[in-house]
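Asks: One structure, as structure tokens, below. Some questions next.
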Amino acid sequence: MTDFAATKALFHLPEGVIYLDGNSLGPLPRAASDRLRRTVEDEWGDMLITGWNRAGWMEMPRRLGDRIGRLIGAEPGSVVLGDTLSIKVYQALAAALEMRPDRRVILSDSGNFPSDLYMAQGLVGLLGDGYRLRTVAPEAVADALSDEIAVLMLTEVDYRTGRKHDMAALTAAAHEKGIVTVWDLAHSAGALPVDLAGTRADFAVGCTYKYLNAGPGGPAFIYVAPRHAQTARPALSGWLGHEAPFAFDADYRPAEGVERMRVGTPPILQLAALDASLEIWDQVDMNALRARSIALCDQFIAGVEARCPALEIASPRDGARRGSQVSFAFEQGYAAMQACIAKGLIGDFRAPDIMRFGFTPLYIDQSDVARAVEIIAEVMHDELWRDPAYQKRAAVT
Ligand SMILES: *Cc1c(COP(=O)(O)O)cnc(C)c1O
């Protein structure tokens, strides 16, 4: 069992702040500062370029990929880190499309994160030749599976509402129609148990700066099912995905397995921060985390609904159909969230009207949830969102 009081002590959380935005940017693991200092001073500073060999920098994308693999039910050696999530979506999608050369349609849902849809639009534009992206409502995905579809590209947990797709059922239904699946785990990895091997997902991608707490700009990960790893073609064929990068061959030959999905030089400082964060994750039982996450979300929903009739729930009430976040719709949601932040409760806002709160059992407990409900109730009861200072939109919401 995981001791969540012990994990909470491993994070730096500013005094007086309740942080319900770890689904967007995880907080600083205390050990990360020291780990980064050592990487900067002892490795970069003293080893200089020899750090690539002596400090094991070159293996970090694979080594840390395996540790994330445990959290998402991936087979050893099937996950590698690098680049940003948008880039990894593109790579996975391109590789998946190539596996069905006789089909032209990518199916996604209208709740998917815009960048995933944009990457698909860019790719089909480049390919031409009748390739297209089709989006349907999240509830309509199962019925839209047909033998015209090459790839089903979905984000398991909706970034706005927290609605969770049934990954096992949709993957099985897609496979029945010969469709290749690409799952985005941005709001799943570190939020709930995922079983990539068990569900027979083909490709998956996700990020490390949200629930996995690797810090702003932490690299993304990509999973390729072992049965595809020797044939999948990485559209972004960089030198570090080459079979022998230091042969400096003029012709590209893909590396063994998932290594071929590497592109260029890995971000070692970010990986060092992730390494420190994974020291915590290595001890976490994902089923215990899930149970606690659902309990915290349920407590929050009950509290807010009892106190704030103007807020309309925008997430599934059933914990089993939800990720680890709760959203409420409110017309003045942006200003109301600014008022919450001024009172020490940090969540975020997603246009057009969603107030979003992430629940992260590693460092959020029942007393935090109770206090968060109090603050929201004050903001709503006293209509603090009317203050003009809270209306002005910042670049990041
Ligand atoms: C957060 C998020 C992204 C962000 O992509 P980056 O390239 O890391 O900026 C993409 N897709 C989904 C589903 C996300 O939740």
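Ordering of the structure tokens sets the chain letters (A, B, ...), residue numbers begin anew at 1 in every chain, and ligands are numbered from 1 in the order given.
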Leaving out Glu98 of chain A and any residue of its chain fewer than 6 positions from it, which residues lie within 9 Å of it when counting only C-alpha atoms, given as a PyMOL selection string?
Replies: chain A and resi 150+232-233
Asks: Save out the residues we just selected, C-alpha atoms, as a PDB file, in the first residue's frame.
Replies:
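New file again19.pdb:
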ATOM      1  CA  ALA A 150      -7.298   3.392 -40.797  1.00  0.00           C
ATOM      2  CA  ALA A 232       6.688   0.630 -37.433  1.00  0.00           C
ATOM      3  CA  ARG A 233       8.275   3.407 -39.464  1.00  0.00           C
TER       4      ARG A 233
END
Asks: Which residues come within 6 Å of segment 80-94 of chain A, counting only C-alpha atoms, excluding same-chain residues fewer than 5 positions away, as a ChimeraX atom specification?
Replies: /A:61-62,65,119,207,219-222,234-235,266
Asks: Enumerate, in order of chain and increasing residue number, the residues of chain A with an atom no farther than 6 Å from ligand 1, each with its shortest atom pair and distance in Å to one decimal, counting only C-alpha atoms and all ligand atoms, as JSON lines.
Replies:
{"residue": "A:Thr84", "atom": "CA", "partner": "ligand 1", "partner_atom_place_in_ligand_line": "7 (O)", "distance": 4.3}
{"residue": "A:Leu85", "atom": "CA", "partner": "ligand 1", "partner_atom_place_in_ligand_line": "7 (O)", "distance": 3.9}
{"residue": "A:Ser86", "atom": "CA", "partner": "ligand 1", "partner_atom_place_in_ligand_line": "7 (O)", "distance": 3.7}
{"residue": "A:Phe113", "atom": "CA", "partner": "ligand 1", "partner_atom_place_in_ligand_line": "13 (C)", "distance": 4.6}
{"residue": "A:Ser115", "atom": "CA", "partner": "ligand 1", "partner_atom_place_in_ligand_line": "10 (C)", "distance": 5.5}
{"residue": "A:Asp116", "atom": "CA", "partner": "ligand 1", "partner_atom_place_in_ligand_line": "11 (N)", "distance": 5.4}
{"residue": "A:Thr155", "atom": "CA", "partner": "ligand 1", "partner_atom_place_in_ligand_line": "13 (C)", "distance": 5.5}
{"residue": "A:Tyr159", "atom": "CA", "partner": "ligand 1", "partner_atom_place_in_ligand_line": "15 (O)", "distance": 5.6}
{"residue": "A:Asp184", "atom": "CA", "partner": "ligand 1", "partner_atom_place_in_ligand_line": "13 (C)", "distance": 5.9}
{"residue": "A:Ala186", "atom": "CA", "partner": "ligand 1", "partner_atom_place_in_ligand_line": "15 (O)", "distance": 4.6}
{"residue": "A:His187", "atom": "CA", "partner": "ligand 1", "partner_atom_place_in_ligand_line": "15 (O)", "distance": 6.0}
Asks: Compile a residue-level contact table for segment 272-363 of chain A against segment 9-32 of chain A at a cut-off of 6 Å, reporting for every qualifying residue the shortest atom pair and its distance in Å to one decimal, with only C-alpha atoms counted, rows ordered by chain and ascending number, as a Markdown table.
Replies:
| residue | atom | partner | partner_atom | distance |
| --- | --- | --- | --- | --- |
| A:Ala273 | CA | A:Ala32 | CA | 5.1 |
| A:Ala276 | CA | A:Ala32 | CA | 5.1 |
| A:Ser277 | CA | A:Pro29 | CA | 5.9 |
| A:Gly344 | CA | A:Val17 | CA | 4.7 |
| A:Leu345 | CA | A:Ile18 | CA | 4.9 |
| A:Ile346 | CA | A:Tyr19 | CA | 5.1 |
| A:Gly347 | CA | A:Asp21 | CA | 4.8 |
| A:Phe357 | CA | A:Leu20 | CA | 5.1 |
| A:Gly358 | CA | A:Leu20 | CA | 4.7 |
| A:Phe359 | CA | A:Leu20 | CA | 6.0 |
Asks: What does the distance between atom CA of Phe246 of chain A and atom CA of Arg38 of chain A come to in Å, to one decimal place?
Replies: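 Going from atom CA of Phe246 of chain A over to atom CA of Arg38 of chain A covers 27.4 Å.
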Asks: What's around Pro114 of chain A at 12 Å? Count only C-alpha atoms, leave out sequence neighbours fewer than 2 positions away in its own chain, and write the answer as a compact mmCIF listing (two decimals) with N, CA, C and O atoms, in the first residue's frame.
Replies:
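Contents of the output file around-v4.txt:
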# COMPACT_ATOMS: atom_id res chain seq x y z
N SER A 86 2.98 16.74 -28.71
CA SER A 86 2.47 16.99 -30.07
C SER A 86 3.31 16.23 -31.10
O SER A 86 2.76 15.62 -32.02
N VAL A 89 2.55 12.52 -30.93
CA VAL A 89 1.26 12.22 -31.56
C VAL A 89 1.48 12.06 -33.07
O VAL A 89 1.00 11.11 -33.69
N SER A 108 -11.28 10.55 -34.83
CA SER A 108 -11.03 11.04 -33.47
C SER A 108 -12.35 11.61 -32.93
O SER A 108 -13.38 11.49 -33.58
N ASP A 109 -12.29 12.20 -31.72
CA ASP A 109 -13.53 12.78 -31.21
C ASP A 109 -13.37 14.27 -30.98
O ASP A 109 -12.26 14.79 -30.86
N SER A 110 -14.52 14.93 -30.93
CA SER A 110 -14.53 16.40 -30.86
C SER A 110 -14.05 16.91 -29.49
O SER A 110 -13.81 18.10 -29.33
N GLY A 111 -13.90 16.01 -28.52
CA GLY A 111 -13.37 16.43 -27.22
C GLY A 111 -11.86 16.29 -27.15
O GLY A 111 -11.26 16.61 -26.12
N ASN A 112 -11.24 15.84 -28.22
CA ASN A 112 -9.79 15.64 -28.16
C ASN A 112 -9.08 16.98 -28.02
O ASN A 112 -9.61 18.03 -28.39
N ASP A 116 -3.66 17.61 -30.72
CA ASP A 116 -3.73 16.28 -31.35
C ASP A 116 -4.45 16.38 -32.69
O ASP A 116 -4.03 15.78 -33.68
N LEU A 117 -5.56 17.16 -32.71
CA LEU A 117 -6.31 17.31 -33.96
C LEU A 117 -5.50 18.11 -34.97
O LEU A 117 -5.48 17.79 -36.16
N TYR A 118 -4.79 19.14 -34.49
CA TYR A 118 -3.97 19.94 -35.41
C TYR A 118 -2.87 19.09 -36.04
O TYR A 118 -2.56 19.23 -37.22
N MET A 119 -2.25 18.23 -35.24
CA MET A 119 -1.17 17.39 -35.78
C MET A 119 -1.73 16.46 -36.85
O MET A 119 -1.11 16.24 -37.89
N ALA A 120 -2.94 15.94 -36.61
CA ALA A 120 -3.58 15.07 -37.60
C ALA A 120 -3.90 15.87 -38.86
O ALA A 120 -3.69 15.39 -39.99
N GLN A 121 -4.39 17.10 -38.69
CA GLN A 121 -4.70 17.94 -39.86
C GLN A 121 -3.43 18.23 -40.66
O GLN A 121 -3.44 18.19 -41.89
N THR A 135 -13.96 13.73 -37.13
CA THR A 135 -14.20 13.79 -35.68
C THR A 135 -15.70 13.61 -35.43
O THR A 135 -16.52 14.18 -36.14
N LEU A 154 -7.45 8.61 -30.06
CA LEU A 154 -8.24 9.18 -28.97
C LEU A 154 -7.38 9.54 -27.77
O LEU A 154 -6.35 8.90 -27.53
N THR A 155 -7.84 10.53 -27.03
CA THR A 155 -7.26 10.80 -25.72
C THR A 155 -8.18 10.12 -24.72
O THR A 155 -9.40 10.33 -24.74
N ASP A 158 -10.72 13.07 -21.32
CA ASP A 158 -10.98 14.37 -21.94
C ASP A 158 -10.37 15.48 -21.06
O ASP A 158 -10.70 15.57 -19.88
N TYR A 159 -9.52 16.30 -21.67
CA TYR A 159 -8.82 17.34 -20.88
C TYR A 159 -9.79 18.34 -20.28
O TYR A 159 -9.51 18.94 -19.25
N ARG A 160 -10.95 18.52 -20.91
CA ARG A 160 -11.86 19.56 -20.44
C ARG A 160 -12.83 18.99 -19.39
O ARG A 160 -12.99 19.56 -18.32
N ARG A 350 -10.69 26.45 -18.78
CA ARG A 350 -10.60 26.06 -20.17
C ARG A 350 -11.82 26.61 -20.90
O ARG A 350 -12.96 26.38 -20.46
Asks: Hey, could you make a per-residue contact list for segment 159-277 of chain A against segment 309-333 of chain A with 10 Å as the cut-off, showing the nearest pair of atoms and its distance in Å to one decimal, counting only C-alpha atoms, sorted by chain and number, as CSV?
Replies:
residue,atom,partner,partner_atom,distance
A:Tyr159,CA,A:Gln325,CA,8.7
A:Arg160,CA,A:Ser327,CA,7.2
A:Thr161,CA,A:Ser315,CA,4.9
A:Gly162,CA,A:Gly323,CA,5.1
A:Arg163,CA,A:Arg322,CA,4.8
A:Lys164,CA,A:Arg322,CA,5.0
A:His165,CA,A:Arg321,CA,7.4
A:Asp166,CA,A:Arg321,CA,8.1
A:His187,CA,A:Gly323,CA,7.1
A:Ser188,CA,A:Gly323,CA,6.9
A:Gly190,CA,A:Ser324,CA,9.4
A:Ala191,CA,A:Ser324,CA,5.7
A:Leu192,CA,A:Gly323,CA,7.0
A:Tyr211,CA,A:Ser324,CA,9.6
Asks: I need the residue nearest Gly303 of chain A from this list: A:Ala339, A:Met261, A:Ile106, A:Ala370. Use only C-alpha atoms for the distance.
Replies: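 Using only C-alpha atoms, Gly303 of chain A sits closest to A:Ala370.
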Asks: Neighbouring residues of Val151 of chain A were defined as those with any atom within 7 Å, considering only C-alpha atoms; residues of the same chain fewer than 5 positions away were excluded. Please report them as number ranges by chain.
Replies: A: 96-97, 105-107, 179-181
Asks: Would you give me, as an MDAnalysis selection string, the residues in segment 42-163 of chain A that DSSP reads as strand (DSSP E)?
Replies: chainID A and resid 79:81 105:109 132:136 149:155
Asks: Do a neighbour search on Arg307 of chain A at 9 Å with only C-alpha atoms, toss out local chain neighbours closer than 6 positions, and write the hits as a PyMOL selection string.
Replies: chain A and resi 373-374+376-377+380-381
Asks: Which residues in segment 175-372 of chain A does DSSP call helix (DSSP H, G or I)? List them as an MDAnalysis selection string.
Replies: chainID A and resid 175:176 196:199 239:241 245:247 257:261 268:281 286:307 319:321 333:342 366:372
Asks: In terms of the shortest atom-to-atom distance over only C-alpha atoms, which of A:Leu362, A:Ala197, A:Leu48, A:Ala172 is closest to Ala288 of chain A?
Replies: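 Checking each of A:Leu362, A:Ala197, A:Leu48, A:Ala172 against Ala288 of chain A, counting only C-alpha atoms, the winner is A:Leu362.
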Asks: Kindly give the distance, in Å, that separates atom CA of Gly206 of chain A and atom CA of Gln270 of chain A, rounded to a single decimal.
Replies: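 Separation of atom CA of Gly206 of chain A and atom CA of Gln270 of chain A: 15.4 Å.
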Asks: Set the distance at 6 Å and use only C-alpha atoms: which residues neighbour Glu243 of chain A once local chain neighbours fewer than 5 positions away are removed? I'd like the list as a ChimeraX atom specification.
Replies: /A:253-255
Asks: Got a sec: who's within 8 Å of Met167 of chain A, counting only C-alpha atoms, leaving out chain neighbours fewer than 4 positions off, as JSON, numbers by chain?
Replies: {"A": [156, 171, 199]}
Asks: Selected residues, N, CA and C atoms, written as a PDB file, in the first residue's frame, please.
Replies:
ATOM      1  N   GLU A 156      -7.593   9.254 -23.870  1.00  0.00           N
ATOM      2  CA  GLU A 156      -8.445   8.430 -23.006  1.00  0.00           C
ATOM      3  C   GLU A 156      -9.304   9.292 -22.083  1.00  0.00           C
ATOM      4  N   THR A 171     -10.613  -0.391 -28.062  1.00  0.00           N
ATOM      5  CA  THR A 171      -9.474  -0.996 -28.765  1.00  0.00           C
ATOM      6  C   THR A 171      -9.906  -2.323 -29.386  1.00  0.00           C
ATOM      7  N   THR A 199      -4.802  -4.404 -22.906  1.00  0.00           N
ATOM      8  CA  THR A 199      -5.843  -3.954 -23.837  1.00  0.00           C
ATOM      9  C   THR A 199      -5.389  -4.116 -25.288  1.00  0.00           C
TER      10      THR A 199
END
Asks: Which is closer to Gly215 of chain A than all the others in A:Leu36, A:Lys392, A:Asp387, A:Thr397, using only C-alpha atoms?
Replies: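 Closest to Gly215 of chain A of all the choices is A:Leu36.
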